[in-house]
Amino acid sequence: MSAQLLTLVSSTSSNSLTIKYNRLIDSAQTAYLFGHQEKAANCYHDAFKISLKILQQPSANRVSINRMVEVCNYCFDHCPVFNDSDDDCFLETAADTLIKLVQSQRELKIRKKALDGLKSIACLACELVRFNQSIRCQVIIDQYVKLESTHARYLSH
């Protein structure tokens with residue numbers, strides 16, 4: 001029985017979003033190692049999209065939140081620098097999703113973890129505010145500060 005489970009987890013034909021995410025992260029790291037920065041950035045961006053899908057599912061858990069923070073760190077380090085005129089900002093998307101989790105009726109430990117994840121995203125946004133005075137990233141920071149002040153006491157139990 002356990003041998004079958006292991007085979008399923010390592011199967012290359014699996015449609016699991018988590019397995020796809022892990023493969024993209026591995027591909028990105030390999031591409032970066034061999035000097036293919038554009039391919040690495042594309043893989044990290046695709047991994048971000050998958051992580052977002054996982055986080056938006058009702059079954060999302062603390063690992064899903066950790067995965068989102070992890071991929072945001074990868075995107076921050078390896079993707080082109082965000083500009084306020086860009087259509088898509090992974091930090092905004094991640095922050096919006098985490099804010100919804102904090103404000104949801106989910107169990108306390110998920111909401112607490114989402115607030116911690118949002119703090120990590122706000123720290124990355126802070127770096128972009130320092131680097132290019134990003135107004136959109138300042139909004140992320142302001143949202144975190146407001147949310148933390150209103151929800152921290154409820155989530156501290």
# chains A, B, ... in the order shown; residues from 1 in each chain; ligands from 1
>>> residues_around(residues="A:Asp84", least_positions_apart="5", cutoff="10 Å", atoms="only C-alpha atoms", output="list in words")
Cys89, Asn132, Gln133, Ser134, Ile135, Arg136 and Cys137 of chain A
>>> write_last_selection(atoms="all heavy atoms", output="PDB file, in the first residue's frame")
ATOM      1  N   CYS A  89       1.118  42.752 -10.524  1.00  0.00           N
ATOM      2  CA  CYS A  89       2.085  42.805  -9.419  1.00  0.00           C
ATOM      3  C   CYS A  89       1.821  41.615  -8.515  1.00  0.00           C
ATOM      4  O   CYS A  89       0.776  41.535  -7.861  1.00  0.00           O
ATOM      5  CB  CYS A  89       1.956  44.102  -8.644  1.00  0.00           C
ATOM      6  SG  CYS A  89       3.009  44.145  -7.174  1.00  0.00           S
ATOM      7  N   ASN A 132      12.163  52.078  -5.414  1.00  0.00           N
ATOM      8  CA  ASN A 132      11.610  52.892  -6.504  1.00  0.00           C
ATOM      9  C   ASN A 132      10.374  53.701  -6.090  1.00  0.00           C
ATOM     10  O   ASN A 132       9.587  54.094  -6.940  1.00  0.00           O
ATOM     11  CB  ASN A 132      11.302  52.037  -7.736  1.00  0.00           C
ATOM     12  CG  ASN A 132      10.230  50.998  -7.510  1.00  0.00           C
ATOM     13  OD1 ASN A 132       9.657  50.915  -6.441  1.00  0.00           O
ATOM     14  ND2 ASN A 132       9.950  50.215  -8.534  1.00  0.00           N
ATOM     15  N   GLN A 133      10.218  53.933  -4.805  1.00  0.00           N
ATOM     16  CA  GLN A 133       9.125  54.736  -4.263  1.00  0.00           C
ATOM     17  C   GLN A 133       7.757  54.266  -4.782  1.00  0.00           C
ATOM     18  O   GLN A 133       6.876  55.064  -5.111  1.00  0.00           O
ATOM     19  CB  GLN A 133       9.306  56.232  -4.587  1.00  0.00           C
ATOM     20  CG  GLN A 133      10.458  56.884  -3.872  1.00  0.00           C
ATOM     21  CD  GLN A 133      11.813  56.527  -4.487  1.00  0.00           C
ATOM     22  OE1 GLN A 133      11.950  56.514  -5.700  1.00  0.00           O
ATOM     23  NE2 GLN A 133      12.782  56.228  -3.652  1.00  0.00           N
ATOM     24  N   SER A 134       7.573  52.959  -4.840  1.00  0.00           N
ATOM     25  CA  SER A 134       6.339  52.369  -5.349  1.00  0.00           C
ATOM     26  C   SER A 134       5.132  52.744  -4.491  1.00  0.00           C
ATOM     27  O   SER A 134       5.071  52.409  -3.305  1.00  0.00           O
ATOM     28  CB  SER A 134       6.470  50.848  -5.408  1.00  0.00           C
ATOM     29  OG  SER A 134       5.226  50.250  -5.707  1.00  0.00           O
ATOM     30  N   ILE A 135       4.195  53.419  -5.103  1.00  0.00           N
ATOM     31  CA  ILE A 135       2.972  53.804  -4.411  1.00  0.00           C
ATOM     32  C   ILE A 135       2.107  52.573  -4.161  1.00  0.00           C
ATOM     33  O   ILE A 135       1.504  52.432  -3.089  1.00  0.00           O
ATOM     34  CB  ILE A 135       2.198  54.859  -5.231  1.00  0.00           C
ATOM     35  CG1 ILE A 135       3.026  56.148  -5.297  1.00  0.00           C
ATOM     36  CG2 ILE A 135       0.824  55.129  -4.636  1.00  0.00           C
ATOM     37  CD1 ILE A 135       2.531  57.154  -6.302  1.00  0.00           C
ATOM     38  N   ARG A 136       2.056  51.670  -5.131  1.00  0.00           N
ATOM     39  CA  ARG A 136       1.250  50.454  -4.983  1.00  0.00           C
ATOM     40  C   ARG A 136       1.786  49.580  -3.844  1.00  0.00           C
ATOM     41  O   ARG A 136       1.006  48.969  -3.113  1.00  0.00           O
ATOM     42  CB  ARG A 136       1.223  49.688  -6.300  1.00  0.00           C
ATOM     43  CG  ARG A 136       0.373  50.400  -7.350  1.00  0.00           C
ATOM     44  CD  ARG A 136       0.562  49.859  -8.728  1.00  0.00           C
ATOM     45  NE  ARG A 136       0.023  48.522  -8.891  1.00  0.00           N
ATOM     46  CZ  ARG A 136       0.111  47.840 -10.032  1.00  0.00           C
ATOM     47  NH1 ARG A 136       0.703  48.378 -11.098  1.00  0.00           N
ATOM     48  NH2 ARG A 136      -0.396  46.630 -10.115  1.00  0.00           N
ATOM     49  N   CYS A 137       3.081  49.535  -3.684  1.00  0.00           N
ATOM     50  CA  CYS A 137       3.658  48.768  -2.579  1.00  0.00           C
ATOM     51  C   CYS A 137       3.422  49.469  -1.242  1.00  0.00           C
ATOM     52  O   CYS A 137       3.237  48.807  -0.217  1.00  0.00           O
ATOM     53  CB  CYS A 137       5.145  48.523  -2.816  1.00  0.00           C
ATOM     54  SG  CYS A 137       5.438  47.266  -4.078  1.00  0.00           S
TER      55      CYS A 137
END
>>> residues_around(residues="stretch 61-78 of chain A", least_positions_apart="3", cutoff="9 Å", atoms="only C-alpha atoms", output="tab-separated table (two decimals) with C-alpha atoms, in the first residue's frame")
chain	number	residue	atom	x	y	z
A	25	ILE	CA	10.53	25.65	-8.58
A	32	TYR	CA	19.05	30.05	-12.89
A	37	GLN	CA	17.53	34.10	-15.89
A	38	GLU	CA	14.54	34.75	-18.15
A	40	ALA	CA	13.94	31.06	-14.29
A	41	ALA	CA	11.78	34.19	-13.93
A	44	TYR	CA	8.88	31.38	-10.79
A	45	HIS	CA	5.99	33.43	-12.18
A	47	ALA	CA	4.83	28.74	-9.79
A	48	PHE	CA	3.32	31.88	-8.27
A	51	SER	CA	0.52	28.78	-5.53
A	52	LEU	CA	-2.24	31.36	-5.82
A	54	ILE	CA	-3.77	26.45	-4.16
A	55	LEU	CA	-4.17	29.30	-1.65
A	58	PRO	CA	-11.15	25.92	0.49
A	81	VAL	CA	11.68	44.64	-10.74
A	82	PHE	CA	8.06	45.69	-10.36
A	90	PHE	CA	2.59	39.50	-7.66
A	91	LEU	CA	2.91	41.27	-4.31
A	94	ALA	CA	-0.58	37.79	-2.84
A	98	LEU	CA	-3.92	36.88	2.28
A	109	LYS	CA	-4.65	29.33	13.12
A	110	ILE	CA	-5.17	29.86	9.36
A	113	LYS	CA	-0.76	32.41	9.63
A	114	ALA	CA	-2.25	34.54	6.84
A	117	GLY	CA	2.33	35.79	5.61
A	118	LEU	CA	0.99	39.25	4.87
A	120	SER	CA	6.34	38.96	4.97
A	121	ILE	CA	4.74	40.34	1.80
A	124	LEU	CA	9.07	42.80	0.45
>>> atom_distance(atom1="atom CA of A:Gln56", atom2="atom CA of A:Glu127")
26.0 Å
>>> select_by_dssp(residues="stretch 44-135 of chain A", states="helix (DSSP H, G or I)", output="count of residues only")
69
>>> atom_distance(atom1="atom CA of A:Ile50", atom2="atom CA of A:Leu101")
17.2 Å
>>> closest_residue(among="A:Val129, A:Ser104, A:Arg111, A:Glu148", to="A:Asn83", atoms="only C-alpha atoms")
A:Val129
>>> residues_around(residues="A:Leu24", least_positions_apart="2", cutoff="7 Å", atoms="only C-alpha atoms", output="list in words")
Lys20, Tyr21, Asn22, Asp26, Ser27, Ala28, Cys43, Tyr44 and Ala47 of chain A
>>> residues_around(residues="A:Gln143", least_positions_apart="6", cutoff="12 Å", atoms="only C-alpha atoms", output="JSON, numbers by chain")
{"A": [92, 95, 96, 98, 99, 100, 102, 115, 118, 119, 121, 122, 125, 136, 137, 149, 150, 151]}
